[in-house]
$ cat input_29.txt   # compact mmCIF, C-alpha atoms
# COMPACT_ATOMS: atom_id res chain seq x y z
CA MET A 1 -5.43 181.29 129.83
CA ASP A 2 -8.96 180.46 130.79
CA SER A 3 -11.31 182.69 132.78
CA VAL A 4 -10.02 181.29 136.09
CA ASP A 5 -6.40 182.06 135.12
CA ARG A 6 -7.41 185.60 134.19
CA ALA A 7 -9.19 186.03 137.54
CA ILE A 8 -6.05 184.79 139.33
CA VAL A 9 -3.74 187.18 137.43
CA ASN A 10 -6.07 190.11 138.07
CA ALA A 11 -6.49 189.29 141.77
CA LEU A 12 -2.79 188.74 142.47
CA GLN A 13 -1.90 192.17 141.08
CA GLN A 14 -3.97 193.74 143.84
CA GLY A 15 -1.82 192.31 146.60
CA PHE A 16 -1.20 189.07 148.42
CA PRO A 17 -2.07 188.53 152.05
CA ILE A 18 0.53 187.84 154.68
CA GLY A 19 -0.59 185.00 156.83
CA GLU A 20 -0.19 181.35 157.65
CA ARG A 21 -1.94 180.12 154.47
CA PRO A 22 -2.23 182.98 151.99
CA PHE A 23 -3.03 180.72 149.01
CA ARG A 24 -5.99 179.32 150.95
CA ASP A 25 -7.18 182.85 151.70
CA VAL A 26 -6.87 184.08 148.09
CA GLY A 27 -8.31 180.83 146.78
CA ALA A 28 -11.40 181.28 148.96
CA LEU A 29 -11.96 184.74 147.45
CA LEU A 30 -11.74 183.23 143.95
CA GLY A 31 -13.78 180.12 144.70
CA LEU A 32 -10.71 177.85 144.43
CA GLY A 33 -9.08 175.43 146.78
CA GLU A 34 -5.61 176.19 148.08
CA GLY A 35 -4.00 173.37 146.08
CA GLU A 36 -5.71 174.35 142.84
CA LEU A 37 -4.56 177.96 143.18
CA ILE A 38 -0.97 176.88 143.89
CA ALA A 39 -1.03 174.50 140.90
CA ARG A 40 -2.41 177.18 138.58
CA VAL A 41 0.15 179.80 139.65
CA LYS A 42 2.93 177.23 139.20
CA ARG A 43 1.65 176.38 135.70
CA LEU A 44 1.36 180.07 134.74
CA LEU A 45 5.00 180.53 135.79
CA GLU A 46 6.18 177.39 133.98
CA GLU A 47 4.38 178.47 130.79
CA ARG A 48 5.89 181.97 131.18
CA VAL A 49 2.44 183.58 131.21
CA LEU A 50 3.76 185.02 134.47
CA THR A 51 7.48 185.74 134.57
CA ARG A 52 7.62 186.44 138.28
CA PHE A 53 5.49 185.93 141.36
CA GLY A 54 6.81 187.23 144.64
CA PRO A 55 7.18 190.22 146.91
CA LEU A 56 8.75 193.53 145.97
CA TYR A 57 10.95 194.97 148.68
CA GLN A 58 12.32 198.46 149.07
CA ALA A 59 15.96 197.46 149.19
CA GLU A 60 17.14 200.74 150.67
CA ARG A 61 14.92 200.30 153.73
CA LEU A 62 16.62 196.94 154.29
CA GLY A 63 20.15 198.34 153.88
CA GLY A 64 20.45 197.36 150.22
CA ALA A 65 20.55 199.28 146.97
CA TYR A 66 19.14 199.46 143.45
CA ALA A 67 20.71 200.93 140.34
CA LEU A 68 19.68 201.17 136.73
CA ALA A 69 22.47 199.98 134.44
CA ALA A 70 23.04 200.24 130.71
CA MET A 71 25.43 198.68 128.23
CA ARG A 72 26.39 199.17 124.59
CA VAL A 73 26.23 195.65 123.18
CA PRO A 74 27.15 194.76 119.59
CA GLN A 75 24.01 193.25 118.05
CA ALA A 76 25.90 190.13 116.95
CA ASP A 77 26.85 189.52 120.60
CA PHE A 78 23.54 190.51 122.17
CA GLU A 79 22.27 187.03 123.06
CA ARG A 80 25.55 185.96 124.69
CA VAL A 81 25.72 189.14 126.74
CA ALA A 82 22.03 188.93 127.69
CA GLU A 83 22.57 185.38 128.98
CA ALA A 84 25.59 186.48 131.01
CA VAL A 85 23.79 189.50 132.46
CA ASN A 86 20.66 187.49 133.27
CA ALA A 87 22.80 184.86 135.03
CA ALA A 88 23.90 187.42 137.62
CA PRO A 89 21.74 186.97 140.72
CA GLU A 90 21.72 190.75 141.29
CA VAL A 91 19.91 191.42 137.99
CA ALA A 92 16.24 192.08 138.65
CA HIS A 93 15.23 192.40 134.99
CA ASN A 94 16.85 193.10 131.65
CA TYR A 95 15.49 194.52 128.42
CA GLU A 96 16.63 195.60 124.98
CA ARG A 97 16.26 199.16 123.71
CA ASP A 98 16.60 200.62 120.24
CA HIS A 99 19.30 203.07 121.33
CA GLU A 100 23.07 203.44 121.46
CA PHE A 101 22.80 201.93 124.94
CA ASN A 102 20.78 198.93 123.83
CA MET A 103 20.76 196.79 127.00
CA TRP A 104 19.22 198.07 130.21
CA PHE A 105 18.83 196.22 133.49
CA VAL A 106 18.28 196.82 137.18
CA LEU A 107 20.77 195.70 139.81
CA ALA A 108 19.46 194.98 143.29
CA THR A 109 21.93 194.15 146.05
CA GLU A 110 21.94 193.59 149.79
CA THR A 111 24.47 196.40 150.35
CA HIS A 112 25.36 199.66 148.62
CA ASP A 113 28.83 198.28 147.82
CA GLY A 114 27.21 195.32 146.12
CA ILE A 115 26.14 197.44 143.14
CA ALA A 116 29.73 198.22 142.13
CA ARG A 117 30.79 194.61 142.72
CA ALA A 118 27.96 193.25 140.57
CA ALA A 119 28.67 195.72 137.76
CA THR A 120 32.39 194.85 137.84
CA GLN A 121 31.60 191.13 137.68
CA ILE A 122 29.29 191.66 134.69
CA GLU A 123 32.03 193.67 132.98
CA ARG A 124 34.52 190.86 133.56
CA THR A 125 32.11 188.23 132.30
CA THR A 126 30.98 190.11 129.18
CA GLY A 127 34.08 192.15 128.37
CA LEU A 128 31.89 195.26 128.05
CA PRO A 129 31.54 198.31 130.30
CA VAL A 130 28.48 198.71 132.52
CA TYR A 131 27.20 202.27 133.03
CA LEU A 132 25.47 202.77 136.37
CA MET A 133 22.71 205.30 136.91
CA PRO A 134 21.96 205.32 140.64
CA LYS A 135 18.48 206.34 141.71
CA ARG A 136 18.29 209.96 142.79
CA GLU A 137 14.58 210.14 143.49
CA GLU A 138 11.83 207.53 143.65
CA PHE A 139 8.31 207.75 142.32
CA PHE A 140 5.62 205.11 142.79
CA VAL A 141 3.58 204.21 139.74
CA GLY A 142 0.81 201.73 140.42
CA LEU A 143 0.55 199.50 137.38
CA ASN A 144 -2.03 196.79 136.98
CA LEU A 145 -2.44 195.01 133.67
CA ALA A 146 -5.91 193.53 133.50
CA ALA A 147 -6.12 190.12 131.85
CA HIS A 148 -9.09 190.03 129.47
CA ALA A 149 -10.47 187.35 127.17
$ encode --input "input_29.txt" --output "structure tokens"
Amino acid sequence: MDSVDRAIVNALQQGFPIGERPFRDVGALLGLGEGELIARVKRLLEERVLTRFGPLYQAERLGGAYALAAMRVPQADFERVAEAVNAAPEVAHNYERDHEFNMWFVLATETHDGIARAATQIERTTGLPVYLMPKREEFFVGLNLAAHA
């Protein structure tokens, strides 16, 4: 990443405008043209410097649901199971833990019933049980990771 990439990463963590041409608006703040900003964000995603760029919605306010899920995955089978879990469109993110329950992921669905359906499908695909931990209370933690040289 060069200094312009770092400025982009830092700026985009602070929010993204809603408007007819948001990349033009953000680009102007950074001294970049709309096309250059779009190209740089695309490259950062392709190079996996950024793993995701997009809005975060509160699913419950839209009639959907979230749930934290965990699995006990034999280490020898971890990669296969991770690929299967990550292939599910309802999986928001997935990570490994050094714990008896060594795979954790978030399910996000358009309906409350969708959580159970997604978990059941993952169980069928992997042959392993999925343990759901529905959200009981929500806390907002603002996290910004500054990109430095």
$ closest_residue --input "input_29.txt" --among "A:Val49, A:Leu128, A:Ile18, A:Val91" --to "A:Arg72" --atoms "only C-alpha atoms"
A:Leu128
$ atom_distance --input "input_29.txt" --atom1 "atom CA of A:Met71" --atom2 "atom CA of A:Phe101"
5.3 Å
$ residues_near_point --input "input_29.txt" --point "(26.5, 190.6, 136.1)" --cutoff "10 Å" --atoms "only C-alpha atoms" --output "PDB file with C-alpha atoms, in the coordinates of the input"
ATOM      1  CA  VAL A  81      25.720 189.140 126.740  1.00  0.00           C
ATOM      2  CA  ALA A  82      22.030 188.930 127.690  1.00  0.00           C
ATOM      3  CA  GLU A  83      22.570 185.380 128.980  1.00  0.00           C
ATOM      4  CA  ALA A  84      25.590 186.480 131.010  1.00  0.00           C
ATOM      5  CA  VAL A  85      23.790 189.500 132.460  1.00  0.00           C
ATOM      6  CA  ASN A  86      20.660 187.490 133.270  1.00  0.00           C
ATOM      7  CA  ALA A  87      22.800 184.860 135.030  1.00  0.00           C
ATOM      8  CA  ALA A  88      23.900 187.420 137.620  1.00  0.00           C
ATOM      9  CA  PRO A  89      21.740 186.970 140.720  1.00  0.00           C
ATOM     10  CA  GLU A  90      21.720 190.750 141.290  1.00  0.00           C
ATOM     11  CA  VAL A  91      19.910 191.420 137.990  1.00  0.00           C
ATOM     12  CA  PHE A 105      18.830 196.220 133.490  1.00  0.00           C
ATOM     13  CA  LEU A 107      20.770 195.700 139.810  1.00  0.00           C
ATOM     14  CA  ILE A 115      26.140 197.440 143.140  1.00  0.00           C
ATOM     15  CA  ARG A 117      30.790 194.610 142.720  1.00  0.00           C
ATOM     16  CA  ALA A 118      27.960 193.250 140.570  1.00  0.00           C
ATOM     17  CA  ALA A 119      28.670 195.720 137.760  1.00  0.00           C
ATOM     18  CA  THR A 120      32.390 194.850 137.840  1.00  0.00           C
ATOM     19  CA  GLN A 121      31.600 191.130 137.680  1.00  0.00           C
ATOM     20  CA  ILE A 122      29.290 191.660 134.690  1.00  0.00           C
ATOM     21  CA  GLU A 123      32.030 193.670 132.980  1.00  0.00           C
ATOM     22  CA  ARG A 124      34.520 190.860 133.560  1.00  0.00           C
ATOM     23  CA  THR A 125      32.110 188.230 132.300  1.00  0.00           C
ATOM     24  CA  THR A 126      30.980 190.110 129.180  1.00  0.00           C
ATOM     25  CA  VAL A 130      28.480 198.710 132.520  1.00  0.00           C
TER      26      VAL A 130
END
$ closest_residue --input "input_29.txt" --among "A:Phe78, A:Tyr66, A:Tyr95, A:Phe16" --to "A:Pro134" --atoms "all atoms listed in the file"
A:Tyr66
$ closest_residue --input "input_29.txt" --among "A:Glu60, A:Glu138, A:Glu36, A:Glu20" --to "A:Thr111" --atoms "only C-alpha atoms"
A:Glu60
$ residues_around --input "input_29.txt" --residues "A:Arg52" --least-positions-apart "5" --cutoff "12 Å" --atoms "all atoms listed in the file" --output "ChimeraX atom specification"
/A:9,12-13,41-47,92-93
$ residues_around --input "input_29.txt" --residues "A:Pro22" --least-positions-apart "5" --cutoff "12 Å" --atoms "all atoms listed in the file" --output "MDAnalysis selection string"
chainID A and resid 12 15:17 27:29 33:35 37:38
$ closest_residue --input "input_29.txt" --among "A:Ala108, A:Leu32, A:Ile8, A:Ala116" --to "A:Phe53" --atoms "all atoms listed in the file"
A:Ile8
$ atom_distance --input "input_29.txt" --atom1 "atom CA of A:Met1" --atom2 "atom CA of A:Ala39"
13.7 Å
$ atom_distance --input "input_29.txt" --atom1 "atom CA of A:Ala149" --atom2 "atom CA of A:Arg24"
25.5 Å
$ closest_residue --input "input_29.txt" --among "A:Asn94, A:Glu110, A:Leu30, A:Leu143" --to "A:Ser3" --atoms "all atoms listed in the file"
A:Leu30
$ closest_residue --input "input_29.txt" --among "A:Gly64, A:Pro74, A:Gly54, A:Pro129" --to "A:Asp113" --atoms "all atoms listed in the file"
A:Gly64
$ decode --input "input_29.txt" --residues "stretch 21-79 of chain A" --atoms "C-alpha atoms" --output "compact mmCIF listing (two decimals), in the first residue's frame"
# COMPACT_ATOMS: atom_id res chain seq x y z
CA ARG A 21 -21.85 9.62 -7.09
CA PRO A 22 -20.31 8.79 -3.73
CA PHE A 23 -16.92 7.79 -5.17
CA ARG A 24 -16.68 11.22 -6.80
CA ASP A 25 -17.50 12.86 -3.47
CA VAL A 26 -14.97 10.83 -1.46
CA GLY A 27 -12.39 11.16 -4.22
CA ALA A 28 -12.70 14.95 -4.09
CA LEU A 29 -11.97 14.88 -0.34
CA LEU A 30 -8.84 12.79 -1.01
CA GLY A 31 -7.69 14.71 -4.07
CA LEU A 32 -8.52 11.80 -6.40
CA GLY A 33 -10.74 11.45 -9.41
CA GLU A 34 -13.78 9.20 -9.19
CA GLY A 35 -12.30 6.61 -11.57
CA GLU A 36 -8.98 6.47 -9.74
CA LEU A 37 -10.69 5.91 -6.40
CA ILE A 38 -12.88 3.13 -7.84
CA ALA A 39 -9.83 1.48 -9.44
CA ARG A 40 -7.82 1.64 -6.22
CA VAL A 41 -10.63 0.19 -4.09
CA LYS A 42 -11.09 -2.59 -6.65
CA ARG A 43 -7.35 -3.36 -6.59
CA LEU A 44 -7.26 -3.36 -2.76
CA LEU A 45 -10.11 -5.89 -2.79
CA GLU A 46 -8.49 -8.05 -5.49
CA GLU A 47 -5.19 -8.08 -3.58
CA ARG A 48 -7.10 -8.93 -0.37
CA VAL A 49 -5.72 -5.86 1.40
CA LEU A 50 -9.43 -5.21 1.95
CA THR A 51 -11.59 -8.29 2.40
CA ARG A 52 -14.89 -6.46 2.20
CA PHE A 53 -16.21 -3.08 1.12
CA GLY A 54 -19.90 -2.43 1.54
CA PRO A 55 -22.66 -1.38 3.89
CA LEU A 56 -23.45 -2.98 7.21
CA TYR A 57 -27.16 -3.37 7.85
CA GLN A 58 -29.00 -4.11 11.05
CA ALA A 59 -30.74 -7.22 9.82
CA GLU A 60 -33.33 -7.24 12.59
CA ARG A 61 -34.61 -3.80 11.59
CA LEU A 62 -35.17 -5.19 8.09
CA GLY A 63 -36.98 -8.33 9.32
CA GLY A 64 -33.88 -10.53 9.20
CA ALA A 65 -31.70 -12.16 11.81
CA TYR A 66 -28.11 -12.76 12.90
CA ALA A 67 -26.69 -15.60 14.95
CA LEU A 68 -23.23 -16.56 16.09
CA ALA A 69 -22.51 -20.20 15.30
CA ALA A 70 -19.78 -22.60 16.38
CA MET A 71 -18.61 -26.02 15.29
CA ARG A 72 -16.22 -28.68 16.55
CA VAL A 73 -14.16 -29.51 13.47
CA PRO A 74 -11.46 -32.21 13.39
CA GLN A 75 -8.22 -30.41 12.48
CA ALA A 76 -7.56 -32.81 9.59
CA ASP A 77 -10.92 -31.79 8.08
CA PHE A 78 -10.75 -28.07 8.89
CA GLU A 79 -10.01 -26.76 5.39
